[in-house]
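Asker: Next comes the structure file coords-v4.pdb, holding PDB, C-alpha atoms.
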ATOM      1  CA  MET A 250     -80.083   0.987 -21.362
ATOM      2  CA  LYS A 251     -76.788   0.998 -19.497
ATOM      3  CA  ALA A 252     -73.472   0.457 -21.186
ATOM      4  CA  LEU A 253     -72.627  -3.211 -21.810
ATOM      5  CA  ASP A 254     -76.185  -4.449 -21.061
ATOM      6  CA  THR A 255     -76.391  -6.108 -24.474
ATOM      7  CA  GLU A 256     -72.922  -7.627 -24.129
ATOM      8  CA  LEU A 257     -73.693  -8.964 -20.648
ATOM      9  CA  LYS A 258     -76.883 -10.603 -21.925
ATOM     10  CA  THR A 259     -74.911 -12.158 -24.755
ATOM     11  CA  PHE A 260     -72.267 -13.408 -22.330
ATOM     12  CA  ASN A 261     -74.837 -14.874 -19.955
ATOM     13  CA  SER A 262     -76.628 -16.631 -22.781
ATOM     14  CA  CYS A 263     -73.508 -18.382 -24.012
ATOM     15  CA  ARG A 264     -71.750 -18.860 -20.681
ATOM     16  CA  PRO A 265     -73.104 -22.345 -19.885
ATOM     17  CA  LEU A 266     -71.749 -23.674 -23.155
ATOM     18  CA  LEU A 267     -68.449 -21.830 -22.844
ATOM     19  CA  ALA A 268     -67.886 -22.782 -19.207
ATOM     20  CA  SER A 269     -67.819 -26.455 -20.014
ATOM     21  CA  LYS A 270     -65.079 -26.022 -22.602
ATOM     22  CA  CYS A 271     -63.241 -22.761 -21.915
ATOM     23  CA  HIS A 272     -63.159 -22.322 -18.149
ATOM     24  CA  GLY A 273     -60.667 -19.599 -17.250
ATOM     25  CA  ASP A 274     -60.490 -18.051 -20.706
ATOM     26  CA  PHE A 275     -61.589 -14.486 -21.407
ATOM     27  CA  ALA A 276     -64.444 -13.853 -23.801
ATOM     28  CA  LEU A 277     -64.459 -10.765 -26.007
ATOM     29  CA  ILE A 278     -68.006  -9.693 -26.826
ATOM     30  CA  LYS A 279     -69.342  -6.788 -28.842
ATOM     31  CA  ASP A 280     -73.109  -6.276 -29.029
ATOM     32  CA  ASN A 281     -74.643  -9.720 -29.680
ATOM     33  CA  GLU A 282     -71.492 -11.353 -30.992
ATOM     34  CA  LEU A 283     -68.850 -13.460 -29.310
ATOM     35  CA  ILE A 284     -65.710 -12.277 -31.054
ATOM     36  CA  GLY A 285     -63.284 -14.746 -29.531
ATOM     37  CA  LEU A 286     -61.725 -16.379 -26.505
ATOM     38  CA  PHE A 287     -58.306 -15.516 -25.105
ATOM     39  CA  SER A 288     -56.139 -17.071 -22.443
ATOM     40  CA  LYS A 289     -55.000 -13.648 -21.191
ATOM     41  CA  GLN A 290     -57.316 -10.785 -20.278
ATOM     42  CA  TYR A 291     -55.122  -8.104 -21.786
ATOM     43  CA  ASP A 292     -54.922  -9.956 -25.115
ATOM     44  CA  ALA A 293     -58.722  -9.811 -25.306
ATOM     45  CA  ILE A 294     -58.698  -6.105 -24.439
ATOM     46  CA  ALA A 295     -56.036  -5.369 -27.059
ATOM     47  CA  GLU A 296     -58.037  -7.226 -29.697
ATOM     48  CA  GLY A 297     -61.134  -5.254 -28.719
ATOM     49  CA  TYR A 298     -59.337  -1.958 -29.220
ATOM     50  CA  ARG A 299     -57.797  -3.197 -32.475
ATOM     51  CA  ARG A 300     -61.181  -4.151 -33.901
ATOM     52  CA  PHE A 301     -63.481  -1.525 -32.483
ATOM     53  CA  GLY A 302     -61.422   1.380 -31.174
ATOM     54  CA  ASN A 303     -62.268   3.325 -28.031
ATOM     55  CA  VAL A 304     -65.878   2.171 -27.689
ATOM     56  CA  PRO A 305     -67.556  -0.035 -25.073
ATOM     57  CA  PHE A 306     -66.958  -3.775 -25.438
ATOM     58  CA  LEU A 307     -66.980  -6.591 -22.926
ATOM     59  CA  VAL A 308     -64.100  -8.761 -21.786
ATOM     60  CA  LYS A 309     -65.253 -11.306 -19.237
ATOM     61  CA  GLU A 310     -63.665 -14.347 -17.688
ATOM     62  CA  VAL A 311     -65.526 -17.559 -18.349
ATOM     63  CA  LEU A 312     -66.125 -19.322 -15.059
ATOM     64  CA  ASN A 313     -68.161 -22.365 -14.188
ATOM     65  CA  LYS A 314     -69.906 -20.412 -11.452
ATOM     66  CA  GLY A 315     -70.259 -16.784 -10.450
ATOM     67  CA  VAL A 316     -72.151 -13.628 -11.081
ATOM     68  CA  ALA A 317     -71.748 -11.821 -14.374
TER      69      ALA A 317
ATOM     70  CA  MET B  59     -36.387  -6.457 -12.669
ATOM     71  CA  PRO B  60     -38.000  -2.966 -12.829
ATOM     72  CA  SER B  61     -38.640  -1.690  -9.351
ATOM     73  CA  PHE B  62     -39.055   1.342  -7.141
ATOM     74  CA  THR B  63     -38.526   2.004  -3.457
ATOM     75  CA  ILE B  64     -40.342   4.532  -1.300
ATOM     76  CA  SER B  65     -39.343   5.732   2.149
ATOM     77  CA  ASN B  66     -41.985   7.676   3.990
ATOM     78  CA  GLU B  67     -42.463   8.351   7.669
ATOM     79  CA  SER B  68     -46.239   8.059   7.227
ATOM     80  CA  CYS B  69     -46.142   4.398   6.174
ATOM     81  CA  LYS B  70     -47.171   3.257   9.633
ATOM     82  CA  ASN B  71     -50.123   5.635   9.972
ATOM     83  CA  LYS B  72     -51.361   6.150   6.413
ATOM     84  CA  GLY B  73     -50.266   2.931   4.763
ATOM     85  CA  LEU B  74     -48.153   2.288   1.688
ATOM     86  CA  ILE B  75     -48.849   5.333  -0.482
ATOM     87  CA  VAL B  76     -47.500   5.668  -4.010
ATOM     88  CA  SER B  77     -47.580   8.786  -6.152
ATOM     89  CA  ALA B  78     -47.947   7.580  -9.722
ATOM     90  CA  HIS B  79     -49.693   8.345 -13.011
ATOM     91  CA  VAL B  80     -52.632   6.715 -14.746
ATOM     92  CA  GLY B  81     -52.927   6.749 -18.520
ATOM     93  CA  VAL B  82     -54.228   4.786 -21.468
ATOM     94  CA  THR B  83     -52.837   1.380 -22.456
ATOM     95  CA  ASP B  84     -50.673   0.837 -25.494
ATOM     96  CA  ALA B  85     -53.641  -0.852 -27.211
ATOM     97  CA  THR B  86     -55.839   2.182 -26.540
ATOM     98  CA  GLU B  87     -53.125   4.528 -27.694
ATOM     99  CA  ALA B  88     -52.727   2.622 -30.958
ATOM    100  CA  ALA B  89     -56.480   2.720 -31.565
ATOM    101  CA  LEU B  90     -56.679   6.443 -30.843
ATOM    102  CA  HIS B  91     -53.770   7.149 -33.199
ATOM    103  CA  ARG B  92     -55.381   5.030 -35.924
ATOM    104  CA  ASP B  93     -58.659   6.913 -35.563
ATOM    105  CA  ASN B  94     -56.892  10.297 -35.548
ATOM    106  CA  LEU B  95     -57.974  11.006 -31.984
ATOM    107  CA  LEU B  96     -56.002  12.782 -29.305
ATOM    108  CA  VAL B  97     -54.109  10.566 -26.881
ATOM    109  CA  PRO B  98     -54.611  11.970 -23.370
ATOM    110  CA  ALA B  99     -51.552  12.584 -21.224
ATOM    111  CA  PRO B 100     -51.203  10.429 -18.110
ATOM    112  CA  LEU B 101     -52.747  11.953 -14.991
ATOM    113  CA  PRO B 102     -51.110  12.174 -11.577
ATOM    114  CA  ILE B 103     -52.743   9.878  -9.054
ATOM    115  CA  GLU B 104     -52.092   8.675  -5.526
ATOM    116  CA  PHE B 105     -52.540   5.005  -4.676
ATOM    117  CA  LYS B 106     -52.622   3.045  -1.498
ATOM    118  CA  ILE B 107     -51.226  -0.474  -1.778
ATOM    119  CA  ASP B 108     -53.870  -2.788  -0.339
ATOM    120  CA  THR B 109     -53.057  -6.479  -0.106
ATOM    121  CA  GLY B 110     -56.604  -7.011   1.196
ATOM    122  CA  ALA B 111     -58.189  -5.835  -2.063
ATOM    123  CA  ASP B 112     -58.498  -8.443  -4.782
ATOM    124  CA  ARG B 113     -58.952  -5.766  -7.449
ATOM    125  CA  SER B 114     -57.383  -2.376  -8.072
ATOM    126  CA  VAL B 115     -59.770   0.552  -7.939
ATOM    127  CA  ILE B 116     -59.696   4.104  -9.236
ATOM    128  CA  THR B 117     -62.405   6.738  -9.285
ATOM    129  CA  GLU B 118     -64.452   7.558 -12.377
ATOM    130  CA  THR B 119     -63.034  11.067 -12.344
ATOM    131  CA  TYR B 120     -59.841   9.750 -13.907
ATOM    132  CA  ILE B 121     -61.723   7.652 -16.443
ATOM    133  CA  LYS B 122     -63.751  10.646 -17.609
ATOM    134  CA  ARG B 123     -60.632  12.786 -17.950
ATOM    135  CA  LEU B 124     -58.931  10.049 -19.996
ATOM    136  CA  GLY B 125     -62.045   9.625 -22.163
ATOM    137  CA  LEU B 126     -62.114   5.852 -21.760
ATOM    138  CA  LYS B 127     -65.015   3.498 -22.467
ATOM    139  CA  PRO B 128     -65.792   0.375 -20.408
ATOM    140  CA  VAL B 129     -64.248  -2.986 -21.287
ATOM    141  CA  GLY B 130     -65.865  -4.948 -18.496
ATOM    142  CA  SER B 131     -68.422  -5.024 -15.721
ATOM    143  CA  CYS B 132     -68.441  -6.459 -12.226
ATOM    144  CA  ASN B 133     -70.344  -6.230  -8.967
ATOM    145  CA  ILE B 134     -68.651  -5.134  -5.773
ATOM    146  CA  ALA B 135     -69.759  -4.813  -2.156
ATOM    147  CA  THR B 136     -69.584  -1.385  -0.547
ATOM    148  CA  ALA B 137     -70.722  -0.051   2.808
ATOM    149  CA  SER B 138     -73.891   1.354   1.224
ATOM    150  CA  ASP B 139     -74.537  -1.245  -1.456
ATOM    151  CA  PRO B 140     -73.669  -4.932  -1.138
ATOM    152  CA  ASP B 141     -74.053  -5.520  -4.867
ATOM    153  CA  MET B 142     -73.058  -2.368  -6.747
ATOM    154  CA  GLN B 143     -72.382  -2.685 -10.465
ATOM    155  CA  CYS B 144     -69.144  -1.068 -11.558
ATOM    156  CA  PHE B 145     -67.452  -0.841 -14.907
ATOM    157  CA  GLU B 146     -63.924  -1.903 -15.679
ATOM    158  CA  TYR B 147     -61.563   0.141 -17.813
ATOM    159  CA  ALA B 148     -58.224  -0.601 -19.436
ATOM    160  CA  VAL B 149     -55.538   1.636 -17.994
ATOM    161  CA  ARG B 150     -51.799   1.852 -17.566
ATOM    162  CA  PHE B 151     -50.305   2.635 -14.175
ATOM    163  CA  ILE B 152     -46.961   4.372 -14.335
ATOM    164  CA  PHE B 153     -45.091   4.108 -11.056
ATOM    165  CA  PRO B 154     -41.821   5.773 -10.041
ATOM    166  CA  ASN B 155     -38.790   4.798 -12.149
ATOM    167  CA  ASN B 156     -41.186   4.345 -15.079
ATOM    168  CA  VAL B 157     -42.298   0.990 -13.725
ATOM    169  CA  ALA B 158     -45.557   0.282 -15.545
ATOM    170  CA  TRP B 159     -48.484  -2.115 -15.392
ATOM    171  CA  GLN B 160     -51.488  -2.217 -17.691
ATOM    172  CA  GLY B 161     -54.771  -4.039 -17.471
ATOM    173  CA  ALA B 162     -58.408  -3.665 -16.488
ATOM    174  CA  VAL B 163     -59.290  -1.972 -13.200
ATOM    175  CA  ILE B 164     -62.549  -1.108 -11.486
ATOM    176  CA  ALA B 165     -63.814   2.474 -11.508
ATOM    177  CA  THR B 166     -66.096   3.650  -8.726
ATOM    178  CA  PRO B 167     -68.409   6.673  -8.812
ATOM    179  CA  GLY B 168     -67.453   9.834  -6.973
ATOM    180  CA  ASN B 169     -64.067  10.672  -5.575
ATOM    181  CA  GLN B 170     -64.403   9.651  -1.952
ATOM    182  CA  ILE B 171     -62.722   6.289  -2.283
ATOM    183  CA  THR B 172     -58.961   6.064  -2.086
ATOM    184  CA  CYS B 173     -57.465   4.640  -5.245
ATOM    185  CA  LEU B 174     -56.129   1.182  -4.501
ATOM    186  CA  ILE B 175     -53.481  -1.115  -5.879
ATOM    187  CA  GLY B 176     -54.923  -4.559  -5.265
ATOM    188  CA  ARG B 177     -53.754  -8.102  -5.674
ATOM    189  CA  ASP B 178     -54.546  -8.114  -9.408
ATOM    190  CA  VAL B 179     -51.534  -5.840  -9.874
ATOM    191  CA  LEU B 180     -49.520  -7.219  -6.976
ATOM    192  CA  ALA B 181     -49.845 -10.701  -8.478
ATOM    193  CA  TYR B 182     -47.212  -9.675 -11.015
ATOM    194  CA  SER B 183     -44.845  -8.160  -8.477
ATOM    195  CA  VAL B 184     -42.696  -8.626  -5.420
ATOM    196  CA  LEU B 185     -43.717  -6.338  -2.558
ATOM    197  CA  VAL B 186     -41.220  -5.817   0.253
ATOM    198  CA  TYR B 187     -42.258  -3.773   3.296
ATOM    199  CA  ILE B 188     -39.585  -2.999   5.847
ATOM    200  CA  GLY B 189     -41.791  -1.666   8.611
ATOM    201  CA  TYR B 190     -39.144  -0.571  11.094
ATOM    202  CA  ASN B 191     -37.521   1.470   8.308
ATOM    203  CA  ASN B 192     -40.766   2.989   6.880
ATOM    204  CA  THR B 193     -39.698   1.689   3.487
ATOM    205  CA  PHE B 194     -41.323  -0.455   0.856
ATOM    206  CA  SER B 195     -40.422  -1.515  -2.640
ATOM    207  CA  LEU B 196     -42.365  -2.962  -5.521
ATOM    208  CA  SER B 197     -40.677  -4.960  -8.276
ATOM    209  CA  PHE B 198     -42.270  -6.259 -11.472
TER     210      PHE B 198
END
Could I get this structure in the form of C-alpha coordinates?

Answerer:
Amino acid sequence: MKALDTELKTFNSCRPLLASKCHGDFALIKDNELIGLFSKQYDAIAEGYRRFGNVPFLVKEVLNKGVA
Amino acid sequence: MPSFTISNESCKNKGLIVSAHVGVTDATEAALHRDNLLVPAPLPIEFKIDTGADRSVITETYIKRLGLKPVGSCNIATASDPDMQCFEYAVRFIFPNNVAWQGAVIATPGNQITCLIGRDVLAYSVLVYIGYNNTFSLSF
(Lines of atoms letter the chains of each structure in order from A and count residues from 1; the text may use other names and numbers.)
(Lines give C-alpha, C1' and ligand atoms only; values in the text may rest on other atoms or scores of the structure.)
Protein backbone atom coordinates (compact mmCIF):
# COMPACT_ATOMS: atom_id res chain seq x y z
CA MET A 1 0.00 0.00 0.00
CA LYS A 2 1.35 3.40 -0.96
CA ALA A 3 1.81 6.20 1.50
CA LEU A 4 -1.39 8.15 2.25
CA ASP A 5 -3.69 5.56 0.60
CA THR A 6 -5.68 5.18 3.81
CA GLU A 7 -5.86 8.94 4.34
CA LEU A 8 -6.99 9.54 0.75
CA LYS A 9 -9.76 6.95 1.14
CA THR A 10 -10.84 8.64 4.35
CA PHE A 11 -10.83 12.04 2.65
CA ASN A 12 -12.82 10.80 -0.33
CA SER A 13 -15.38 9.16 1.92
CA CYS A 14 -16.07 12.33 3.87
CA ARG A 15 -15.55 14.86 1.09
CA PRO A 16 -19.18 15.08 -0.09
CA LEU A 17 -20.31 16.03 3.39
CA LEU A 18 -17.41 18.42 3.96
CA ALA A 19 -17.71 20.11 0.57
CA SER A 20 -21.20 21.31 1.30
CA LYS A 21 -20.13 23.03 4.51
CA CYS A 22 -16.38 23.67 4.37
CA HIS A 23 -15.53 24.46 0.76
CA GLY A 24 -12.04 25.93 0.58
CA ASP A 25 -10.91 24.73 4.00
CA PHE A 26 -8.04 22.29 4.46
CA ALA A 27 -8.70 18.93 6.06
CA LEU A 28 -6.07 17.29 8.25
CA ILE A 29 -6.38 13.51 8.16
CA LYS A 30 -4.36 10.78 9.82
CA ASP A 31 -5.20 7.15 9.05
CA ASN A 32 -9.01 6.86 9.22
CA GLU A 33 -9.59 10.00 11.26
CA LEU A 34 -10.46 13.53 10.27
CA ILE A 35 -8.46 15.54 12.78
CA GLY A 36 -9.76 18.98 11.88
CA LEU A 37 -10.41 21.67 9.32
CA PHE A 38 -8.27 24.77 8.85
CA SER A 39 -8.68 27.91 6.80
CA LYS A 40 -4.96 27.99 5.95
CA GLN A 41 -2.99 25.07 4.53
CA TYR A 42 0.10 25.73 6.60
CA ASP A 43 -1.93 25.82 9.83
CA ALA A 44 -3.12 22.29 9.05
CA ILE A 45 0.43 21.17 8.29
CA ALA A 46 1.75 22.70 11.52
CA GLU A 47 -0.96 20.96 13.52
CA GLY A 48 -0.08 17.67 11.82
CA TYR A 49 3.56 17.99 12.83
CA ARG A 50 2.58 19.08 16.35
CA ARG A 51 0.36 16.03 16.84
CA PHE A 52 2.17 13.33 14.94
CA GLY A 53 5.73 14.45 14.25
CA ASN A 54 7.60 13.70 11.03
CA VAL A 55 5.31 10.94 9.76
CA PRO A 56 2.97 10.83 6.76
CA PHE A 57 -0.35 12.64 7.20
CA LEU A 58 -2.71 14.21 4.71
CA VAL A 59 -3.61 17.86 4.30
CA LYS A 60 -6.11 18.33 1.49
CA GLU A 61 -8.22 21.22 0.34
CA VAL A 62 -11.93 20.55 0.44
CA LEU A 63 -13.42 21.41 -2.92
CA ASN A 64 -16.87 20.87 -4.34
CA LYS A 65 -15.35 19.22 -7.39
CA GLY A 66 -11.98 17.82 -8.38
CA VAL A 67 -9.76 14.83 -8.20
CA ALA A 68 -8.30 13.77 -4.88
CA MET B 1 9.10 44.17 2.59
CA PRO B 2 11.78 41.41 2.40
CA SER B 3 13.13 41.18 -1.10
CA PHE B 4 16.05 40.22 -3.28
CA THR B 5 17.25 41.31 -6.70
CA ILE B 6 19.22 39.25 -9.20
CA SER B 7 21.06 40.51 -12.25
CA ASN B 8 22.16 37.85 -14.67
CA GLU B 9 23.03 38.02 -18.33
CA SER B 10 21.40 34.62 -18.88
CA CYS B 11 17.91 35.79 -17.90
CA LYS B 12 16.87 36.07 -21.53
CA ASN B 13 18.11 32.62 -22.57
CA LYS B 14 17.77 30.49 -19.43
CA GLY B 15 14.96 32.26 -17.62
CA LEU B 16 14.76 33.70 -14.12
CA ILE B 17 17.12 31.46 -12.14
CA VAL B 18 17.51 31.75 -8.38
CA SER B 19 20.16 30.05 -6.27
CA ALA B 20 18.51 29.33 -2.93
CA HIS B 21 18.26 26.72 -0.19
CA VAL B 22 15.54 24.25 0.71
CA GLY B 23 15.06 23.10 4.29
CA VAL B 24 12.45 21.95 6.77
CA THR B 25 9.65 24.21 8.01
CA ASP B 26 9.56 25.66 11.49
CA ALA B 27 6.77 23.20 12.36
CA THR B 28 8.92 20.27 11.21
CA GLU B 29 11.91 21.61 13.06
CA ALA B 30 9.92 21.90 16.28
CA ALA B 31 8.65 18.34 15.91
CA LEU B 32 12.13 16.98 15.24
CA HIS B 33 13.53 18.80 18.27
CA ARG B 34 10.70 17.48 20.45
CA ASP B 35 11.37 13.93 19.30
CA ASN B 36 15.13 14.30 19.81
CA LEU B 37 15.81 13.89 16.10
CA LEU B 38 18.44 15.65 14.04
CA VAL B 39 17.29 18.72 12.14
CA PRO B 40 18.81 18.57 8.65
CA ALA B 41 20.67 21.61 7.36
CA PRO B 42 19.13 23.42 4.40
CA LEU B 43 20.36 22.20 1.02
CA PRO B 44 21.50 24.38 -1.86
CA ILE B 45 19.07 24.32 -4.76
CA GLU B 46 18.56 26.16 -8.03
CA PHE B 47 15.08 27.28 -9.03
CA LYS B 48 13.57 28.65 -12.16
CA ILE B 49 10.74 31.12 -11.60
CA ASP B 50 7.83 29.90 -13.71
CA THR B 51 4.70 32.02 -13.80
CA GLY B 52 3.12 29.31 -15.98
CA ALA B 53 3.31 26.70 -13.21
CA ASP B 54 0.48 26.74 -10.71
CA ARG B 55 2.52 24.74 -8.19
CA SER B 56 6.16 24.79 -7.12
CA VAL B 57 8.08 21.61 -7.81
CA ILE B 58 11.27 20.09 -6.47
CA THR B 59 12.79 16.68 -7.06
CA GLU B 60 12.50 13.82 -4.58
CA THR B 61 16.27 13.84 -4.18
CA TYR B 62 15.97 16.84 -1.88
CA ILE B 63 13.09 15.31 0.05
CA LYS B 64 15.05 12.13 0.72
CA ARG B 65 18.09 14.09 1.89
CA LEU B 66 15.90 16.14 4.25
CA GLY B 67 14.19 12.98 5.54
CA LEU B 68 10.69 14.38 5.06
CA LYS B 69 7.42 12.45 4.96
CA PRO B 70 4.47 13.35 2.71
CA VAL B 71 1.77 15.76 3.89
CA GLY B 72 -0.31 15.65 0.74
CA SER B 73 -0.96 14.01 -2.60
CA CYS B 74 -1.92 15.32 -6.01
CA ASN B 75 -2.01 14.27 -9.64
CA ILE B 76 -0.05 16.14 -12.27
CA ALA B 77 0.26 15.86 -16.05
CA THR B 78 3.69 15.15 -17.49
CA ALA B 79 4.91 14.42 -21.00
CA SER B 80 4.95 10.68 -20.25
CA ASP B 81 2.01 10.42 -17.87
CA PRO B 82 -1.09 12.61 -18.03
CA ASP B 83 -2.18 11.61 -14.53
CA MET B 84 0.90 10.93 -12.40
CA GLN B 85 0.43 10.80 -8.64
CA CYS B 86 2.93 12.89 -6.73
CA PHE B 87 3.36 13.56 -3.06
CA GLU B 88 3.51 16.95 -1.43
CA TYR B 89 5.99 17.85 1.27
CA ALA B 90 6.28 20.76 3.68
CA VAL B 91 9.45 22.71 3.01
CA ARG B 92 10.99 26.11 3.56
CA PHE B 93 12.60 27.96 0.68
CA ILE B 94 15.36 30.32 1.72
CA PHE B 95 16.12 32.86 -0.98
CA PRO B 96 18.91 35.44 -1.10
CA ASN B 97 18.82 38.05 1.69
CA ASN B 98 17.25 35.37 3.91
CA VAL B 99 13.88 35.89 2.25
CA ALA B 100 11.90 32.78 3.17
CA TRP B 101 8.67 31.04 2.23
CA GLN B 102 7.29 27.83 3.68
CA GLY B 103 4.48 25.58 2.60
CA ALA B 104 3.68 22.39 0.73
CA VAL B 105 5.31 21.74 -2.65
CA ILE B 106 5.18 18.88 -5.12
CA ALA B 107 8.08 16.43 -5.35
CA THR B 108 8.69 14.59 -8.60
CA PRO B 109 10.70 11.39 -9.05
CA GLY B 110 14.18 11.53 -10.52
CA ASN B 111 16.28 14.61 -10.99
CA GLN B 112 15.61 15.51 -14.60
CA ILE B 113 13.02 18.17 -13.92
CA THR B 114 14.13 21.70 -13.15
CA CYS B 115 12.98 22.83 -9.74
CA LEU B 116 10.30 25.46 -10.19
CA ILE B 117 8.92 28.36 -8.23
CA GLY B 118 5.28 28.45 -9.25
CA ARG B 119 2.33 30.69 -8.63
CA ASP B 120 1.64 29.12 -5.22
CA VAL B 121 4.75 30.91 -3.96
CA LEU B 122 4.48 33.90 -6.27
CA ALA B 123 0.95 34.52 -4.97
CA TYR B 124 2.54 35.94 -1.83
CA SER B 125 5.05 38.11 -3.65
CA VAL B 126 5.69 40.93 -6.06
CA LEU B 127 7.78 39.84 -9.05
CA VAL B 128 9.44 42.56 -11.12
CA TYR B 129 11.32 41.58 -14.29
CA ILE B 130 13.24 44.31 -16.06
CA GLY B 131 14.03 42.47 -19.27
CA TYR B 132 16.23 45.04 -20.97
CA ASN B 133 18.39 45.12 -17.82
CA ASN B 134 18.53 41.31 -17.24
CA THR B 135 17.32 41.96 -13.71
CA PHE B 136 14.47 40.66 -11.63
CA SER B 137 13.41 41.05 -8.04
CA LEU B 138 11.07 39.16 -5.77
CA SER B 139 9.49 40.77 -2.72
CA PHE B 140 7.38 39.06 -0.06

Asker: Tell me, in Å to one decimal, how far atom CA of Arg113 of chain B is from atom CA of Leu267 of chain A.

Answerer: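 Straight-line distance from atom CA of Arg113 of chain B to atom CA of Leu267 of chain A works out to 24.2 Å.
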
Asker: Quick one: what's the axis-aligned box for segment 119-138 of chain B, all listed atoms, 5 Å on every side, centre and edges in Å to one decimal, as JSON?

Answerer:
{"center_x": -66.4, "center_y": 3.2, "center_z": -9.8, "size_x": 25.0, "size_y": 29.2, "size_z": 35.3}

Asker: Apply the ChimeraX specification (/B :<8) & /A to the displayed file and report the matching residues as a ChimeraX atom specification.

Answerer: /A:252-253,290-291,294-295,298-299,302-309,316-317

Asker: For His272 of chain A, list every protein, DNA or RNA residue within 7 Å, evaluated using only C-alpha atoms, and leave out those in the same chain fewer than 4 positions away; present the list as JSON, numbers by chain.

Answerer: {"A": [268, 311, 312, 313]}

Asker: Write to file, as an mmCIF file, in the frame of the given file, the residues of the selection just made, with C-alpha atoms.

Answerer:
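selection13.cif, written as the output of this step:
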data_model
loop_
_atom_site.group_PDB
_atom_site.id
_atom_site.type_symbol
_atom_site.label_atom_id
_atom_site.label_comp_id
_atom_site.auth_asym_id
_atom_site.auth_seq_id
_atom_site.Cartn_x
_atom_site.Cartn_y
_atom_site.Cartn_z
ATOM 1 C CA ALA A 268 -67.886 -22.782 -19.207
ATOM 2 C CA VAL A 311 -65.526 -17.559 -18.349
ATOM 3 C CA LEU A 312 -66.125 -19.322 -15.059
ATOM 4 C CA ASN A 313 -68.161 -22.365 -14.188
#

Asker: One decimal, Å: what's the distance from atom CA of Phe194 of chain B over to atom CA of Pro100 of chain B, could you say?

Answerer: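 Separation of atom CA of Phe194 of chain B and atom CA of Pro100 of chain B: 24.0 Å.
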
Asker: Leaving out Thr117 of chain B and any residue of its chain fewer than 4 positions from it, which residues lie within 12 Å of it when counting all atoms listed in the file, given as a list in words?

Answerer: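 Residues near the query, excluding close chain neighbours: Val80, Ile103, Glu104, Phe105, Ile121, Lys122, Arg123, Leu124, Cys144, Phe145, Glu146, Tyr147, Val163, Ile164, Ala165, Thr166, Pro167, Gly168, Asn169, Gln170, Ile171, Thr172, Cys173 and Leu174 of chain B.
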